[in-house]
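K.L.:
Sharing a structure with you now.
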Protein chains: 2
Amino acid sequence: MTRRLVIIGGDAAGMSAATQVRRLKTVAELDIVVFERSSITSYAACGLPYLVGGFVKSPDSLIARTPEQHRAKGIDVRTRHEVTAIDVEASTVTVRDLDSGRESAVHYDELLIGTGASGVVPKWPGTDAKGVLQLRTLDDAAEVERLLVAGARRAVVVGAGYIGLEVAEGLLERGLHVTVVERLDAPMGAVLDADMAADVAGAMTAAGIDLRLGTAVTGFTVDSGRVTAVQTAAGPVEADLVVIGLGVRPNAELARAAGIAVGESGGIRVDDHLRTDKPHIWAAGDCVESHHRMTGRAVVVALGTHANKQGRVVGTNMAGGDAAFGGVLGTAITRFQDLEIARTGLTEREAEAAGLAAIGVTTEASSRAHYYPGAEPMKIKMVVERATGRLLGAQIVGGAGAGKRIDVLATALWNGMTAAEVAGMDLSYAPPFSPVWDPVLLAAGKAASEV
Amino acid sequence: MTRRLVIIGGDAAGMSAATQVRRLKTVAELDIVVFERSSITSYAACGLPYLVGGFVKSPDSLIARTPEQHRAKGIDVRTRHEVTAIDVEASTVTVRDLDSGRESAVHYDELLIGTGASGVVPKWPGTDAKGVLQLRTLDDAAEVERLLVAGARRAVVVGAGYIGLEVAEGLLERGLHVTVVERLDAPMGAVLDADMAADVAGAMTAAGIDLRLGTAVTGFTVDSGRVTAVQTAAGPVEADLVVIGLGVRPNAELARAAGIAVGESGGIRVDDHLRTDKPHIWAAGDCVESHHRMTGRAVVVALGTHANKQGRVVGTNMAGGDAAFGGVLGTAITRFQDLEIARTGLTEREAEAAGLAAIGVTTEASSRAHYYPGAEPMKIKMVVERATGRLLGAQIVGGAGAGKRIDVLATALWNGMTAAEVAGMDLSYAPPFSPVWDPVLLAAGKAASEV
């Protein structure tokens, strides 16, 4: 008899899982039904800031695969369908057709929760005004475009994390006057140590951004339903357009209401096979918590790269295979104009919070041999455990060629290497690509000598 | 009493060692005398092709530190001094002052052999003609410059390995008609598998190089002491300028003559502390053989990056410390115009030669998200051990951003990871830097699925 897999959420995790299951099981063996609240599937949310900035020209190019394409592969995608409840005992979900308003119960043999995350929006007065938005969907990007075409000149970005930085860059590129308001004392303050974040602040200011650090937003001034200013503890900032980029929270309420365990992090609790604590119910993507390899703690990291990996892992398992998700290091990369910014593992502050005695050692280096044209400066900060010399984390800020070097350090962290071991590795060298001591080796050597 | 360290050879290994010893020991504790045959120290031979190509403007910029600068740091550098013999019993070296012709015996308490390597030049008739040269020294680069200024139009490069490729690019950049003659059936034929090498051949030909593969050089046609053609098994090739780039051999004769063990590879045999088999005699750099981490065999890899690392390791040890050189993976990178070429570990052919049952799996990927402008295609070939899934090697050929990804795979090899483990790692992702599955993850995943 054909068994049925129900997937809640048709984005990265859900559709990767569906695709992987379809590779391993025929339609006759396992029916796959995906319920997706919006009208699209598999879109690259990470590309939205670059769409706004005009670096990416077509919104359609951000859609990796349409519902029709998935259907052609034997995956029954039902868009504009929202799952409103899970009945663990009955093995059913309650589904509402958002167009007709009809509700029905659908049986599952296996259930995957891939509900994603939602942007954090504090209950500030005026948040609902026209011109105040997040950048989470293609509709959001289209709304920004409408506001720009309608003549918006002054943009305020609330939050200077990844999304805030990327949106600010994009709006600047479009010729707007951009103010970034950030509660912390530094941009990227939650993910970089202050010394590294200072370089990001410098680049933002140099590019003409009005960067207001240590400034709390308290609400919005609204005129005829339209935002005209952002109110802050330090006074109002005029705005025709406000983008809130304060990070995201897992959409775990559906799971919680069904009695499925949710961790302290706010993400759905899963084991390394992405099983929840209820039989035949799995979860993957931005809605789950993941094992952090450096601290051993459960953390929520909402990133497309994890969602895709987890989708494939859980797809393999739901099809009867045996795959494990290896956890996360907190690796991330972004850029602000020509400045590349990357991190992996723990910052000095995070190491301290995790109870690890660590030191931070910063090295300045060059992306190429000093005599080769186009060499770009970079700074690498290594965070090293005092007692063992083990590398706990790294941060990189620098010019072209700097950022992706974080992957070498992520690989080192993944394997539990010490700084001294990293310094001895056989990395590639030629003058157009690196100095004879690659910046990674140089930084590791310096860190090893100071532990 | 002050002890004396004698170093034979004032380039990367020798001077790195001297510098490291000086960090750890005062002049009163340990006297350092360096004998260097040429008149310069610490020059970046790897930069010579880029000097010839005009990418690097000043020859002086290739000299990392002059003899005077070393002397100012308490290192007694004696240029134009050649060591002609080592007396292991007496703990002395015989030194000839190349200007005065005088010989003397110099006592050592510790001796470091850093004699480097010499270019391979077969005994072809006409090799001594004007216009036939290698590119090993700044003098060689100056001679190329003189020939170009004197009107050389047709260049022949013998050998299509790293140096041949780089010199060919440089001479093409300078407007010459360039022919590359290679005995093997592919450029980079000794370091890439044939399928990857084909892309390099394509790029060379597309750039206008007359690439003659499978063609053996037999000698040179000489007129009035000046080369006019390269003779090959397939007929003559006219030439005003010939650069021989056939790789190098360790300068181990001095050691061998003193009774110091030399390995089958031709390099001086050292342990992981860079001790030779004779007490108080050490060796480092291009003249030694190194432990290959994938095969366990002793190999000669002449590269500045190893010479610098070994210099630091041996310097630490000679100063009474305890450091080990971790071995090599055969990691290397170069480029031909916009094509980046990199490798680490074993090729399929090398794995076979080492008696390892392996498969090669090639993946085509993109350097950035498909929708992000400037995404460059790349090919990654993974060589994986059949029985274990262990990664044995990798090769990358592709556009900007392709080559340095080899370092992630070198780090994976260094740690003995399987392809499946690599595929699960937490590498950085953002649209301007990579697709959501970084090419490295994609290639590892494909390789894992095919083992």
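Identifiers in this document derive from the order of the structure tokens: chains are assigned A, B, ..., residues are numbered from 1 separately in each chain, and ligands are numbered from 1 in order of occurrence.
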Could you list the residues in chain A lying within 6 Å of chain B, using only C-alpha atoms, and format the result as a ChimeraX atom specification?

P.N.:
/A:56,61,305,328,331-333,371-372,407-408,426-428,436

K.L.:
Identify, with DSSP run on backbone atoms, the residues in range 13-165 of chain A assigned to helix (DSSP H, G or I), and express the list as a PyMOL selection string.

P.N.:
chain A and resi 13-24+45-52+59-62+67-72+138-149+162-165

K.L.:
Could you write out, as a PyMOL selection string, all the residues of range 125-183 of chain B that DSSP marks as strand (DSSP E)?

P.N.:
chain B and resi 132-133+154-158+177-181

K.L.:
Which residues come within 10 Å of Asp271 in chain B, counting only C-alpha atoms, excluding same-chain residues fewer than 2 positions away, as a list in words?

P.N.:
Arg269, His273, Leu274, Arg275, Thr276, Asp277, Trp282, Ala283, Glu289, Ser290, His291, Ala324 and Phe325 of chain B

K.L.:
Can you tell me which residues surround Ala72 in chain A at a distance of at most 12 Å, considering only C-alpha atoms, apart from same-chain residues fewer than 4 positions away, and format the answer as a list of chain:residue names?

P.N.:
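Everything that qualifies: A:Thr19, A:Arg22, A:Val27, A:Arg65, A:Thr66, A:Pro67, A:Glu68, A:Asp76, A:Val77.
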